[in-house]
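S.K.: Okay, so here is data19.tsv, and as you'll see once you scroll down, it has TSV, C-alpha atoms.
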```
chain	number	residue	atom	x	y	z
A	865	GLN	CA	-6.44	4.47	-18.38
A	866	VAL	CA	-5.03	2.33	-15.59
A	867	GLN	CA	-7.34	1.85	-12.65
A	868	LEU	CA	-6.14	1.25	-9.10
A	869	VAL	CA	-8.68	0.03	-6.57
A	870	GLU	CA	-7.65	-0.13	-2.93
A	871	SER	CA	-9.67	-1.86	-0.22
A	872	GLY	CA	-9.40	-3.34	3.24
A	873	GLY	CA	-9.13	-0.26	5.41
A	874	GLY	CA	-11.18	0.44	8.48
A	875	LEU	CA	-11.18	1.40	12.13
A	876	VAL	CA	-8.95	-0.69	14.37
A	877	GLN	CA	-7.66	-0.39	17.91
A	878	PRO	CA	-3.97	0.13	18.62
A	879	GLY	CA	-2.17	-3.19	18.34
A	880	GLY	CA	-4.67	-4.51	15.83
A	881	SER	CA	-4.19	-5.72	12.27
A	882	LEU	CA	-5.54	-4.98	8.82
A	883	ARG	CA	-4.83	-6.37	5.37
A	884	LEU	CA	-5.05	-3.97	2.46
A	885	SER	CA	-5.50	-5.02	-1.15
A	886	CYS	CA	-4.98	-3.13	-4.40
A	887	VAL	CA	-6.12	-4.44	-7.76
A	888	THR	CA	-4.71	-2.90	-10.92
A	889	SER	CA	-6.21	-2.99	-14.40
A	890	THR	CA	-2.95	-3.07	-16.31
A	891	SER	CA	-1.12	-6.11	-17.60
A	892	ARG	CA	2.09	-4.12	-17.14
A	893	PHE	CA	1.64	-4.66	-13.39
A	894	ARG	CA	3.88	-7.71	-13.62
A	895	VAL	CA	6.92	-5.78	-14.82
A	896	ASN	CA	6.59	-2.82	-12.45
A	897	ALA	CA	7.83	-2.29	-8.97
A	898	MET	CA	4.83	-1.38	-6.84
A	899	GLY	CA	4.45	0.72	-3.75
A	900	TRP	CA	2.06	1.39	-0.93
A	901	TYR	CA	1.81	5.05	0.00
A	902	ARG	CA	-0.05	6.85	2.74
A	903	GLN	CA	-1.24	10.37	3.34
A	904	ALA	CA	-2.18	11.61	6.78
A	905	PRO	CA	-4.35	14.73	7.20
A	906	GLY	CA	-2.36	17.84	6.41
A	907	LYS	CA	0.70	15.89	5.29
A	908	GLN	CA	2.19	14.85	1.99
A	909	ARG	CA	1.77	11.41	0.49
A	910	ASP	CA	4.72	9.21	1.40
A	911	LEU	CA	5.95	5.81	0.30
A	912	VAL	CA	5.85	3.24	3.11
A	913	ALA	CA	6.59	-0.04	1.31
A	914	SER	CA	7.68	-1.24	-2.09
A	915	ILE	CA	8.07	-4.54	-3.90
A	916	THR	CA	10.01	-5.41	-7.04
A	917	PRO	CA	8.65	-7.63	-9.83
A	918	GLY	CA	10.65	-10.42	-8.22
A	919	SER	CA	9.03	-9.75	-4.83
A	920	PHE	CA	11.96	-8.14	-3.06
A	921	THR	CA	10.53	-5.73	-0.52
A	922	ASN	CA	11.63	-2.54	1.19
A	923	TYR	CA	10.05	-0.58	4.03
A	924	VAL	CA	10.42	2.74	5.73
A	925	ASP	CA	11.86	2.44	9.22
A	926	SER	CA	8.61	3.36	10.94
A	927	VAL	CA	6.82	0.23	9.63
A	928	LYS	CA	9.66	-2.29	9.49
A	929	GLY	CA	8.80	-5.46	11.36
A	930	ARG	CA	5.10	-4.56	11.43
A	931	PHE	CA	4.05	-4.29	7.77
A	932	THR	CA	4.51	-6.90	5.05
A	933	MET	CA	3.96	-6.19	1.37
A	934	SER	CA	3.31	-8.95	-1.13
A	935	ARG	CA	2.06	-9.35	-4.68
A	936	ASP	CA	0.10	-11.83	-6.74
A	937	ASN	CA	1.05	-11.29	-10.37
A	938	ALA	CA	-1.66	-13.66	-11.58
A	939	LYS	CA	-4.27	-11.40	-9.99
A	940	ASN	CA	-2.58	-8.04	-10.69
A	941	THR	CA	-2.89	-7.40	-6.96
A	942	VAL	CA	-0.63	-6.15	-4.19
A	943	TYR	CA	-1.29	-6.56	-0.50
A	944	LEU	CA	-0.17	-4.85	2.67
A	945	GLN	CA	-0.45	-6.83	5.88
A	946	MET	CA	-0.33	-4.37	8.76
A	947	ASN	CA	0.20	-5.66	12.28
A	948	SER	CA	0.77	-3.93	15.61
A	949	LEU	CA	-0.94	-0.84	14.28
A	950	LYS	CA	-0.29	2.48	15.99
A	951	PRO	CA	-2.31	5.71	16.00
A	952	GLU	CA	0.39	7.31	13.85
A	953	ASP	CA	-0.43	4.80	11.10
A	954	THR	CA	-3.76	6.58	10.61
A	955	ALA	CA	-3.91	7.77	6.99
A	956	VAL	CA	-5.42	7.13	3.59
A	957	TYR	CA	-3.44	4.34	1.95
A	958	TYR	CA	-2.85	4.18	-1.79
A	959	CYS	CA	-1.00	1.90	-4.16
A	960	ASN	CA	0.78	2.83	-7.37
A	961	ALA	CA	3.87	1.88	-9.28
A	962	GLN	CA	7.12	2.82	-7.58
A	963	PRO	CA	7.87	5.48	-8.63
A	964	PRO	CA	4.26	6.42	-9.37
A	965	LEU	CA	3.21	6.05	-12.99
A	966	TRP	CA	-0.59	6.09	-12.99
A	967	ASN	CA	-3.44	8.24	-11.77
A	968	TRP	CA	-4.13	7.66	-8.10
A	969	GLY	CA	-7.09	5.60	-6.96
A	970	GLN	CA	-9.48	6.62	-4.23
A	971	GLY	CA	-7.37	5.04	-1.50
A	972	THR	CA	-8.58	3.25	1.59
A	973	GLN	CA	-8.88	4.91	5.00
A	974	VAL	CA	-7.07	3.35	7.93
A	975	THR	CA	-7.90	4.73	11.35
A	976	VAL	CA	-6.11	3.45	14.44
A	977	SER	CA	-7.84	4.63	17.57
A	978	SER	CA	-9.12	3.35	20.88
```
For this file, produce the structure as structure tokens.
M.R.:
Amino acid sequence: QVQLVESGGGLVQPGGSLRLSCVTSTSRFRVNAMGWYRQAPGKQRDLVASITPGSFTNYVDSVKGRFTMSRDNAKNTVYLQMNSLKPEDTAVYYCNAQPPLWNWGQGTQVTVSS
């Protein structure tokens, strides 16, 4: 059973920054593309960023230029650096393979509010 543990969320003012982390328990992490997903209240869970095993990244238009995804294969960890946060970024953030392969973790809440 693969475990995904997200952390780093919190309450931040508009324009602020957060860095999310996600540790996986699988050694197959290194050969999988990974994604960061988010789910706002009442909405579906959507992919916002992805990274290939070779660290090529892709982002949805709404976060381009503000979010940066990276990975550390030695630590089985992916990161999401979020800058210039907006209220519309408020959501629970999750990581998983891209496309998703494993059971979802508990996520980490990001709230952007003044």
S.K.: So that I can see what lies close to A:Leu882, please list as a ChimeraX atom specification the residues with an atom at most 8 Å from it, counting only C-alpha atoms and leaving out residues fewer than 6 positions away in the same chain.
M.R.: /A:872-874,876,945-947
S.K.: Provide the atom CA of A:Arg930 to atom CA of A:Ser889 distance in Å, to one decimal place.
M.R.: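 Computing the Euclidean distance for atom CA of A:Arg930 and atom CA of A:Ser889 yields 28.2 Å.
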S.K.: With all atoms listed in the file as the basis for distance, which of A:Arg902, A:Lys939, A:Lys928, A:Arg909 is at the shortest distance from A:Cys886?
M.R.: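 Of the candidates, the smallest distance to A:Cys886 is held by A:Lys939.
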S.K.: Of the residues A:Pro878, A:Thr890, A:Gly899, A:Val927, which is the one nearest to A:Gln865, using only C-alpha atoms?
M.R.: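 Residue with the minimum atom-to-atom distance to A:Gln865: A:Thr890.
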S.K.: Between atom CA of A:Asn940 and atom CA of A:Tyr923, what is the distance in Å, rounded to a tenth?
M.R.: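 Distance reported for this atom pair: 20.8 Å.
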S.K.: May I have the residues within 8 Å of A:Asn967 as number ranges by chain, using all atoms listed in the file and disregarding those fewer than 5 positions away in the same chain?
M.R.: A: 866-868
S.K.: Residues at most 12 Å from A:Pro964, counting all atoms listed in the file, excluding those fewer than 5 positions away in the same chain, as a PDB file with C-alpha atoms, keeping the file's coordinate frame?
M.R.:
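So the final result, stored in around13.pdb, reads:
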```pdb
ATOM      1  CA  VAL A 866      -5.030   2.330 -15.590  1.00  0.00           C
ATOM      2  CA  LEU A 868      -6.140   1.250  -9.100  1.00  0.00           C
ATOM      3  CA  ASN A 896       6.590  -2.820 -12.450  1.00  0.00           C
ATOM      4  CA  ALA A 897       7.830  -2.290  -8.970  1.00  0.00           C
ATOM      5  CA  MET A 898       4.830  -1.380  -6.840  1.00  0.00           C
ATOM      6  CA  GLY A 899       4.450   0.720  -3.750  1.00  0.00           C
ATOM      7  CA  TRP A 900       2.060   1.390  -0.930  1.00  0.00           C
ATOM      8  CA  TYR A 901       1.810   5.050   0.000  1.00  0.00           C
ATOM      9  CA  ARG A 909       1.770  11.410   0.490  1.00  0.00           C
ATOM     10  CA  ASP A 910       4.720   9.210   1.400  1.00  0.00           C
ATOM     11  CA  LEU A 911       5.950   5.810   0.300  1.00  0.00           C
ATOM     12  CA  SER A 914       7.680  -1.240  -2.090  1.00  0.00           C
ATOM     13  CA  TYR A 958      -2.850   4.180  -1.790  1.00  0.00           C
ATOM     14  CA  CYS A 959      -1.000   1.900  -4.160  1.00  0.00           C
ATOM     15  CA  GLY A 969      -7.090   5.600  -6.960  1.00  0.00           C
TER      16      GLY A 969
END
```
S.K.: How many Å lie between atom CA of A:Phe931 and atom CA of A:Arg892, rounded to one decimal?
M.R.: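 Rounded to one decimal, the two atoms are 25.0 Å apart.
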S.K.: So, with only C-alpha atoms as the atoms that count, which of A:Val887, A:Val869, A:Val924, A:Met933 lies closest to A:Val912?
M.R.: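 Answer, going by the shortest atom-to-atom distance: A:Val924.
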S.K.: At a cut-off of 7 Å from (4.5, -7.3, -4.3) in the coordinates of the file, what residues are picked up using only C-alpha atoms, written as an MDAnalysis selection string?
M.R.: chainID A and resid 898 915:917 919 933:936 942:943
S.K.: Considering all atoms listed in the file, can you say which of A:Ser948, A:Ala913, A:Gly918, A:Arg894 comes closest to A:Pro963?
M.R.: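 Among the listed residues, the smallest separation from A:Pro963 belongs to A:Ala913.
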S.K.: For a quick check of understanding, using only C-alpha atoms, which of A:Leu949, A:Leu965, A:Ala938, A:Val974 has the smallest distance to A:Ser871?
M.R.: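 Among A:Leu949, A:Leu965, A:Ala938, A:Val974, it is A:Val974 that comes nearest to A:Ser871.
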S.K.: Measuring atom to atom with all atoms listed in the file, identify which of A:Glu952, A:Gly929, A:Gln877, A:Ser977 is nearest to A:Gln903.
M.R.: A:Glu952
